[in-house]
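Colleague: Can you keep this structure in mind? I'll have questions shortly.
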Amino acid sequence: MVARWILALCVLLGPLPAPAQEDPGAALLAAIEARDPAAVAAAFAVGARPDRPARLPPAFAMTDALAATPDEATRATLQAFAEAARAAGFAPEAQIAGPMGHGGGSLSTRLAALPGEEALFLRVAGLTAPERRCTLLGQLVFGRDGANFPAAAALLPLIPPERAAEPACSLPFTMLAHPSRRPPPALVEAMLAAGLRPYPDALAELVRQLPPGVEGDGAFRRLAALDLGAVATDSRNGARRRMPVLAQLGEDVLAERAARVEPLLGRWAELVEAAPAAVLCATLPRQAVRGWLSIEGETSWMEALRGTTRSLLLRCPAEAFDEALAEAAGDRLWTRLVERRERPTLRLMLAAGLRPADLAGFAGSLACAAEARLLQALVETGAPEGARLLPHYMGCLGGVEARREGDLDTLALILAHESAAGPVAGDSPVAVAEAIDRPDIVEALADHGAVRSRLMAERQAFWRHRRLAALAGTQGPTLPWEPEAERVPAAPELMRLAPGLGAWLIHGECGNVNCGYAIAVREGRGYRLVLEDAGYGFRLERAIGGRARDVTIQARTNAAIHNVTTWRYDGRVYRRIRCRETVTEEEEGGATRQRVREGACAD
C-alpha cells in the first residue's frame, strides 16, 4: 500500500531536478584565490579555460596573485595552473586578450615581467613546445618596453639548436630592430651566440643601432660576421629600395652623412675589414668614389671615406671600379683628389692599375700641383703621348711667396720629356717665371736652353693678376685649358698707403651684397697679405702724418644689419680699431627705427 502511494506521488510531481553544477570558470578563480593546486587542476578537468571570463581571465588573475603573494604556495599553484592549461590545449605562450582598458599577453610573458620569478618562468616556459619557443621569444622582446629582455635572454638555452635557423627564430631580431626597442647589446649577442640569425633588413638596422664603445663590441663582431651582401629593403627617406646590407650602411657613412650613424662611424673600418672581398668589391666602389665628390673638409666622414677607399684599392680588382669611375668622369674625380692633396690614395689608385678617362688632364693637374712623385709614377706606367705638361705647370706656378717643395723636382721631370721653350698661353716659360719673380725657375729653364725674355706690360699685368688672386684665394683670369670662370673679379689696383709703402687692392668674389677685399704689400721679391675682409664699400681714409692710411669697409650682415669697420696698419698687418653696427628694427604700425652701437671692435 505504501509503495503504491509513493509511485502515485512521483507520477504527480514528475522527475526530481539534478543537483546544480558549479561554473568551471568560477571554480578556477576560487582555486586561484585559495592557492589550491589540486583544485586548479580539477577546474581545468571539468572545462575551465585560462581566458574566460573575459572580464577577469584566470591566467591574469593567477599572475596577479603571484605578484601580490610571492610565496611557494602561490608558485605551486601557478605551476599546476600552467601544466593543467597545457594539458587542456592552452599553451603558456598563447596570447589572451585583456579586459577593456587593460593590456593582454600570455601566461609566460606576464610571468616574465614579475621580479624574482626567473626560475618559475623557466619552468613554465619549458612547457612550451620546442617549435614554439622562438614565438615566445618574440613576444618577450616586443612587449613591455624592454621589461622582458632578461627573461628573453634566460629563454635562449631552451631553444633547440636545430630550431635556431628556422624563420620563427629570425623574427625576434626584426622586433628588436624597431627603433622603440633599443635592445641591450648583450641580448643581441646572446641571441647570435645561440645560433639565431636575423633577416637582412634587421641585420642592417641592428648594426646602425648598436651603441658606441665596448658595450656593443661583442654584438657588432657577431653581426659583422654575417652575410653583409644579403639584399635588404631600405625604406628610409620615403622610398623602398632593395640593396645589399653593406651598400645600405655604406650609403649612410660615405654618402648621406646622416647624423644618426655616428655610432657606426667608429666601427666602420672594422666592418669593412670584416666584409669578404667579394661583398666589399661588389657593393662599395660606387659609393666610395661618389663620396669624394660630396664631402668637404676634414671630418670624421672624410676619414671613414679615405680608409674605405684604401681598403677597396688594396682588396679589389681594377674592374670593380669601372662603373664607379665611369659615373664620376664628368666630376673631375682625379683632379679633385689632386687638389685635396690625397697623395696616398692616388698612389694606391695608380698602383691598382686605375686610370682616368682624361689621362692628359690628370697629368696636367699633377704638374700644376707640383706632385712630382705622383707624376713620376704616372710617367713610369705610360703617360699620355704628346701631352704638354709645361704650360699646366707654369700656369699654376706661384710667386716666391708661394714656393712649393716639389716645384723644381716637377720641372726637372717635365723638362726631361719636353722642350723648355714651349709657349704658355702665348708667352715663353722663362718670361712668365721672371714676371712672377721666380729666379729659381728662370735658372732651371735656362739650364735647358730657354732664352731669357720680357713680357709686354699687359701680359705682365695678366700674370700679376693671377698671382695675387691665388694669394688671396679668389678667381683670377683663366688660361686656355682651364674651365671658363663665370666671373673674374676686377684686376688688382695699385695703392699708396704711406710714403714708401705701396700695396695692391685685390678684389674678391661677390655674394648677394658683399664682395671680398684683400690688401697685399711687397715683401722682398714676394707679396704678403695684410688685410682680408668683405663688404659692399671700400674707402682709403685721408693720410695723417707719416702713418699708413686707415681703411674703412662697409658691409651688410643681413637686410637689417649694417656694419662699418675701420682698420689701421700697425707696421705688420691691418687691425680693426673701430666698429659701428646699425640695426633697423620694425615697430608696431609698420614704422622703423635704427639702433646704433659704436665702439671698440670685439675680437
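To be explicit about the labels: the chains of the C-alpha cells are called A, B, and onward in the order shown, and within each one the residues are counted from 1, while ligands get numbers from 1 in the order they are shown.
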I need the helix (DSSP H, G or I) residues of stretch 379-600 of chain A per DSSP on the backbone, written as a PyMOL selection string.
Modeller: chain A and resi 379-380+390-396+400-402+407-415+429-435+439-447+457-472+588-590
Colleague: Where in stretch 8-238 of chain A does DSSP assign strand (DSSP E or B), given as a list of chain:residue names?
Modeller: A:Ile96, A:Gly105, A:Val231, A:Ala232, A:Thr233, A:Asp234
Colleague: Generate a file of the selected residues that holds N, CA, C and O atoms, formatted as a PDB file, in the first residue's frame.
Modeller:
ATOM      1  N   ILE A  96      46.310  35.997 -24.816  1.00  0.00           N
ATOM      2  CA  ILE A  96      44.986  36.149 -24.236  1.00  0.00           C
ATOM      3  C   ILE A  96      44.640  37.629 -24.256  1.00  0.00           C
ATOM      4  O   ILE A  96      45.449  38.467 -23.828  1.00  0.00           O
ATOM      5  N   GLY A 105      48.285  39.634 -23.204  1.00  0.00           N
ATOM      6  CA  GLY A 105      49.551  38.949 -23.047  1.00  0.00           C
ATOM      7  C   GLY A 105      49.317  37.466 -22.946  1.00  0.00           C
ATOM      8  O   GLY A 105      48.235  36.948 -23.217  1.00  0.00           O
ATOM      9  N   VAL A 231      70.652  40.968 -49.731  1.00  0.00           N
ATOM     10  CA  VAL A 231      69.829  42.095 -50.184  1.00  0.00           C
ATOM     11  C   VAL A 231      68.731  42.360 -49.158  1.00  0.00           C
ATOM     12  O   VAL A 231      68.027  41.447 -48.730  1.00  0.00           O
ATOM     13  N   ALA A 232      68.621  43.621 -48.747  1.00  0.00           N
ATOM     14  CA  ALA A 232      67.636  44.016 -47.749  1.00  0.00           C
ATOM     15  C   ALA A 232      66.814  45.179 -48.283  1.00  0.00           C
ATOM     16  O   ALA A 232      67.212  45.866 -49.223  1.00  0.00           O
ATOM     17  N   THR A 233      65.670  45.402 -47.657  1.00  0.00           N
ATOM     18  CA  THR A 233      64.804  46.523 -48.031  1.00  0.00           C
ATOM     19  C   THR A 233      65.170  47.734 -47.202  1.00  0.00           C
ATOM     20  O   THR A 233      65.219  47.659 -45.969  1.00  0.00           O
ATOM     21  N   ASP A 234      65.436  48.827 -47.861  1.00  0.00           N
ATOM     22  CA  ASP A 234      65.718  50.093 -47.188  1.00  0.00           C
ATOM     23  C   ASP A 234      64.520  51.007 -47.445  1.00  0.00           C
ATOM     24  O   ASP A 234      64.303  51.456 -48.565  1.00  0.00           O
TER      25      ASP A 234
END
Colleague: Determine, counting only C-alpha atoms, which protein, DNA and RNA residues have an atom within 9 Å of an atom of A:Arg522; residues of the same chain fewer than 3 positions away are not included. Present the result as a PyMOL selection string.
Modeller: chain A and resi 501-504+525-528
Colleague: Write the residues you've just listed into a file as a compact mmCIF listing (two decimals), in the first residue's frame, and include C-alpha atoms for each of them.
Modeller:
# COMPACT_ATOMS: atom_id res chain seq x y z
CA LEU A 501 104.58 101.85 -48.79
CA GLY A 502 102.73 100.73 -51.89
CA ALA A 503 100.15 97.94 -51.92
CA TRP A 504 97.73 96.15 -54.19
CA ARG A 525 110.52 89.55 -54.10
CA GLY A 526 107.14 88.34 -52.86
CA TYR A 527 103.84 89.66 -51.51
CA ARG A 528 102.21 89.38 -48.10
Colleague: Leaving out A:Ala84 and any residue of its chain fewer than 2 positions from it, which residues lie within 9 Å of it when counting only C-alpha atoms, given as JSON, numbers by chain?
Modeller: {"A": [40, 41, 42, 44, 45, 79, 80, 81, 82, 86, 87, 88, 89, 90]}
Colleague: Restricting it to C-alpha atoms, dump the selection as an mmCIF file, in the first residue's frame.
Modeller:
data_model
loop_
_atom_site.group_PDB
_atom_site.id
_atom_site.type_symbol
_atom_site.label_atom_id
_atom_site.label_comp_id
_atom_site.auth_asym_id
_atom_site.auth_seq_id
_atom_site.Cartn_x
_atom_site.Cartn_y
_atom_site.Cartn_z
ATOM 1 C CA VAL A 40 43.112 24.316 -10.132
ATOM 2 C CA ALA A 41 43.731 21.019 -11.925
ATOM 3 C CA ALA A 42 40.203 19.836 -11.113
ATOM 4 C CA PHE A 44 40.517 22.543 -15.842
ATOM 5 C CA ALA A 45 39.404 18.906 -15.873
ATOM 6 C CA GLN A 79 52.909 25.719 -11.844
ATOM 7 C CA ALA A 80 49.819 23.500 -11.581
ATOM 8 C CA PHE A 81 47.818 26.110 -13.498
ATOM 9 C CA ALA A 82 50.329 26.117 -16.372
ATOM 10 C CA ARG A 86 48.668 22.991 -21.362
ATOM 11 C CA ALA A 87 47.017 19.589 -20.928
ATOM 12 C CA ALA A 88 43.713 21.258 -21.790
ATOM 13 C CA GLY A 89 45.181 22.688 -25.002
ATOM 14 C CA PHE A 90 46.148 26.188 -23.816
#
Colleague: Pick from A:Glu303, A:Glu83, A:Asp23, A:Asp71: nearest to A:Pro37, with only C-alpha atoms counted?
Modeller: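 Checking each of A:Glu303, A:Glu83, A:Asp23, A:Asp71 against A:Pro37, counting only C-alpha atoms, the winner is A:Glu83.
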Colleague: Pick out the closest residue to A:Ala278 from this set: A:Ala165, A:Leu246, A:Ala559, A:Leu206. Count only C-alpha atoms.
Modeller: A:Leu246
Colleague: Hey, which of A:Gly47, A:Gly104, A:Glu541, A:Leu56 ends up closest to A:Ala85? Count only C-alpha atoms.
Modeller: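 Closest to A:Ala85, using only C-alpha atoms: A:Gly47.
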Colleague: I'd like the contact shell of A:Gly25 - 7 Å cut-off, only C-alpha atoms, skipping same-chain residues fewer than 3 positions apart - returned as a PyMOL selection string.
Modeller: chain A and resi 28-29+48-49+52-53
Colleague: Can you pull out every residue within 10 Å of A:Pro356, counting only C-alpha atoms, but drop anything in the same chain fewer than 4 positions away, and send it as a PyMOL selection string?
Modeller: chain A and resi 325-326+328-329+332-335+349-350+360-363
Colleague: Which neighbours of A:Glu482 fall inside 12 Å, counting only C-alpha atoms, when residues of the same chain fewer than 4 positions from it are skipped, and could you give them as a list in words?
Modeller: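 In the requested form, the answer reads Gly361, Gly364, Ser365, Cys368, Pro391, His392, Gly395, Cys396, Ala425, Gln475, Gly476, Pro477 and Thr478 of chain A.
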Colleague: What does the distance from atom CA of A:Leu280 to atom CA of A:Thr308 come to in Å, to one decimal?
Modeller: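 So the two atoms, atom CA of A:Leu280 and atom CA of A:Thr308, lie 9.7 Å apart.
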Colleague: Considering only C-alpha atoms, state which residue in the set A:Ala282, A:Trp268, A:Glu118, A:Phe220 is at the smallest distance from A:Pro244.
Modeller: A:Ala282
Colleague: Rounded to one decimal, what separation in Å do you get between atom CA of A:Leu120 and atom CA of A:Arg55?
Modeller: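 Atom-to-atom, atom CA of A:Leu120 and atom CA of A:Arg55 are spaced 26.0 Å apart.
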